[in-house]
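Structure first, commentary second.
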Amino acid sequence: MDEIEVRELTPEDEAGVARLFAACEDYFVAATGAPALAADVQSLYYALPEGADVDQKRLLVLCRGEEIVGLVDLVDRHPDAASCSVGLFLVAPDVRRAGVGTGVARRLIEEAAGRGMRTVTATCPSGWEPGLGFLRGLGFEVGVPRAMTGDTIGNRTRYPAETGLHTARLTLADR
């Protein structure tokens with residue numbers, strides 16, 4: 001497997017992220033009931049969980065050479081100062097099950113622990129078994145799906161097909 005570079009998303013990466021979103025239609029349909037839209041790349045910059053500020057947001061791309069093969073959307077110091085939250089951890093279908101996601105996740109977990117984080121939380125759409133298995137394989141405790149109510153999720157409009165999310169928690173102090 002080629003080495004995977006993890007770096008901050010830049011505006012020049014938007015076309016590559018749009019291609020990644022199109023390749024990951026299976027995830028978006030499972031999560032929202034519809035494929036990703038072109039505007040979904042731009043909305044990454046602004047999508048935040050309730051109570052988070054834009055300065056806490058980090059968007060990371062996973063690159064194999066010049067190709068973007070993954071994306072991580074996380075919020076530092078959320079929901080509290082010793083935690084970080086992962087909203088999206090997306091890996092291209094052609095590199096899934098090759099250890100790319102697991103390798104990057106472990107690096108990011110070590111980085112979070114090194115920065116003093118004690119907890120990592122993540123969400124996964126109800127019924128997205130690849131994501132639930134991924135989280136369990138990393139040692140996350142996956143909770144029962146939480147029903148969604150209302151018209152919004154964080155600061156964005158909820159799609160009608162978004163009916164439930166699992167919240168997963170990894171305690172870094174135990175590592």
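Please note that chains go A, B, ... in the order of the structure tokens, that every chain numbers its residues from 1, and that ligands are numbered from 1 in the order shown.
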
Who sits within 12 Å of Val54 of chain A, only C-alpha atoms, same chain under 3 positions skipped, as a PyMOL selection string: chain A and resi 44-51+57-59+74-78+155

Can you list, as JSON, numbers by chain, every residue of chain A that DSSP puts in helix (DSSP H, G or I)? {"A": [11, 12, 13, 14, 15, 16, 17, 18, 19, 20, 21, 22, 23, 25, 26, 27, 28, 29, 30, 31, 32, 39, 40, 41, 42, 43, 54, 55, 56, 93, 94, 95, 100, 101, 102, 103, 104, 105, 106, 107, 108, 109, 110, 111, 112, 113, 114, 129, 130, 131, 132, 133, 134, 135, 136, 137, 172, 173, 174]}

Store the residues picked out above, limited to C-alpha atoms, as an mmCIF file, in the first residue's frame.
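The result, stored in result.cif:
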data_model
loop_
_atom_site.group_PDB
_atom_site.id
_atom_site.type_symbol
_atom_site.label_atom_id
_atom_site.label_comp_id
_atom_site.auth_asym_id
_atom_site.auth_seq_id
_atom_site.Cartn_x
_atom_site.Cartn_y
_atom_site.Cartn_z
ATOM 1 C CA PRO A 11 -9.408 25.372 -1.573
ATOM 2 C CA GLU A 12 -7.415 23.718 -4.383
ATOM 3 C CA ASP A 13 -8.571 20.321 -3.059
ATOM 4 C CA GLU A 14 -12.269 20.977 -3.615
ATOM 5 C CA ALA A 15 -12.457 19.227 -7.016
ATOM 6 C CA GLY A 16 -10.726 16.154 -5.575
ATOM 7 C CA VAL A 17 -13.101 16.114 -2.598
ATOM 8 C CA ALA A 18 -16.061 16.400 -4.984
ATOM 9 C CA ARG A 19 -14.738 13.320 -6.843
ATOM 10 C CA LEU A 20 -14.362 11.509 -3.501
ATOM 11 C CA PHE A 21 -17.952 12.382 -2.566
ATOM 12 C CA ALA A 22 -19.203 11.078 -5.925
ATOM 13 C CA ALA A 23 -17.243 7.833 -5.463
ATOM 14 C CA GLU A 25 -22.342 7.556 -3.108
ATOM 15 C CA ASP A 26 -23.045 4.406 -1.060
ATOM 16 C CA TYR A 27 -22.212 6.259 2.150
ATOM 17 C CA PHE A 28 -24.189 9.394 1.309
ATOM 18 C CA VAL A 29 -27.267 7.414 0.299
ATOM 19 C CA ALA A 30 -27.060 5.430 3.555
ATOM 20 C CA ALA A 31 -26.517 8.594 5.601
ATOM 21 C CA THR A 32 -28.917 11.031 3.970
ATOM 22 C CA ALA A 39 -22.583 22.213 -2.625
ATOM 23 C CA ASP A 40 -21.826 19.569 0.012
ATOM 24 C CA VAL A 41 -18.084 20.184 -0.424
ATOM 25 C CA GLN A 42 -18.528 23.886 0.380
ATOM 26 C CA SER A 43 -20.828 23.100 3.286
ATOM 27 C CA VAL A 54 -15.684 27.632 13.388
ATOM 28 C CA ASP A 55 -12.155 28.008 14.843
ATOM 29 C CA GLN A 56 -12.472 24.489 16.318
ATOM 30 C CA PRO A 93 -14.219 2.626 -2.100
ATOM 31 C CA ASP A 94 -11.072 1.600 -3.981
ATOM 32 C CA VAL A 95 -8.944 1.835 -0.816
ATOM 33 C CA VAL A 100 -5.944 3.085 4.955
ATOM 34 C CA GLY A 101 -8.740 4.231 7.266
ATOM 35 C CA THR A 102 -7.519 2.245 10.243
ATOM 36 C CA GLY A 103 -3.942 3.462 9.832
ATOM 37 C CA VAL A 104 -4.967 7.105 9.552
ATOM 38 C CA ALA A 105 -7.461 6.821 12.411
ATOM 39 C CA ARG A 106 -4.810 5.364 14.702
ATOM 40 C CA ARG A 107 -2.393 8.192 13.793
ATOM 41 C CA LEU A 108 -5.057 10.802 14.502
ATOM 42 C CA ILE A 109 -6.011 9.144 17.798
ATOM 43 C CA GLU A 110 -2.343 9.212 18.874
ATOM 44 C CA GLU A 111 -2.129 12.869 17.828
ATOM 45 C CA ALA A 112 -5.256 13.704 19.828
ATOM 46 C CA ALA A 113 -3.875 11.962 22.912
ATOM 47 C CA GLY A 114 -0.594 13.858 22.462
ATOM 48 C CA GLU A 129 -22.496 -1.295 8.995
ATOM 49 C CA PRO A 130 -19.062 -0.593 7.435
ATOM 50 C CA GLY A 131 -18.736 2.487 9.640
ATOM 51 C CA LEU A 132 -20.031 0.789 12.769
ATOM 52 C CA GLY A 133 -17.586 -2.091 12.270
ATOM 53 C CA PHE A 134 -14.760 0.377 11.669
ATOM 54 C CA LEU A 135 -15.493 2.194 14.926
ATOM 55 C CA ARG A 136 -15.768 -1.020 16.930
ATOM 56 C CA GLY A 137 -12.500 -2.272 15.412
ATOM 57 C CA LEU A 172 -7.930 7.832 25.379
ATOM 58 C CA ALA A 173 -6.936 7.743 29.046
ATOM 59 C CA ASP A 174 -7.303 3.953 28.891
#

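The spacing separating atom CA of Ile4 of chain A from atom CA of Val86 of chain A amounts to 19.2 Å.
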
Using only C-alpha atoms, which of the listed residues (A:Phe140, A:Ala122, A:Ala38, A:Gly33) sits closest to Cys84 of chain A? A:Ala122

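The spacing separating atom CA of Glu8 of chain A from atom CA of Asp73 of chain A amounts to 10.2 Å.
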
Using only C-alpha atoms, pick whichever of A:Ala34, A:Ala52, A:Val144, A:Leu138 has the shortest atom-to-atom distance to Ser85 of chain A. A:Ala52

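Put simply, atom CA of Cys63 of chain A is 6.4 Å away from atom CA of Val6 of chain A.
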
Skip Leu60 of chain A itself and residues of its chain fewer than 3 positions away, then list as an mmCIF file with C-alpha atoms, in the first residue's frame all residues within 6 Å of it, counting only C-alpha atoms.
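Everything below was put into result00.cif:
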data_model
loop_
_atom_site.group_PDB
_atom_site.id
_atom_site.type_symbol
_atom_site.label_atom_id
_atom_site.label_comp_id
_atom_site.auth_asym_id
_atom_site.auth_seq_id
_atom_site.Cartn_x
_atom_site.Cartn_y
_atom_site.Cartn_z
ATOM 1 C CA ARG A 7 -2.966 17.249 5.605
ATOM 2 C CA GLU A 8 -5.332 20.187 5.980
ATOM 3 C CA LEU A 9 -7.854 20.676 3.183
ATOM 4 C CA LEU A 71 -11.537 13.057 4.221
ATOM 5 C CA VAL A 72 -11.846 13.620 7.968
#

Please extract the residues of segment 55-173 of chain A with a backbone DSSP assignment of strand (DSSP E) and present them as a VMD selection string. chain A and resid 57 to 64 67 to 76 83 to 91 119 to 125 141 to 142 146 to 147 152 to 153 156 to 157 164 to 171
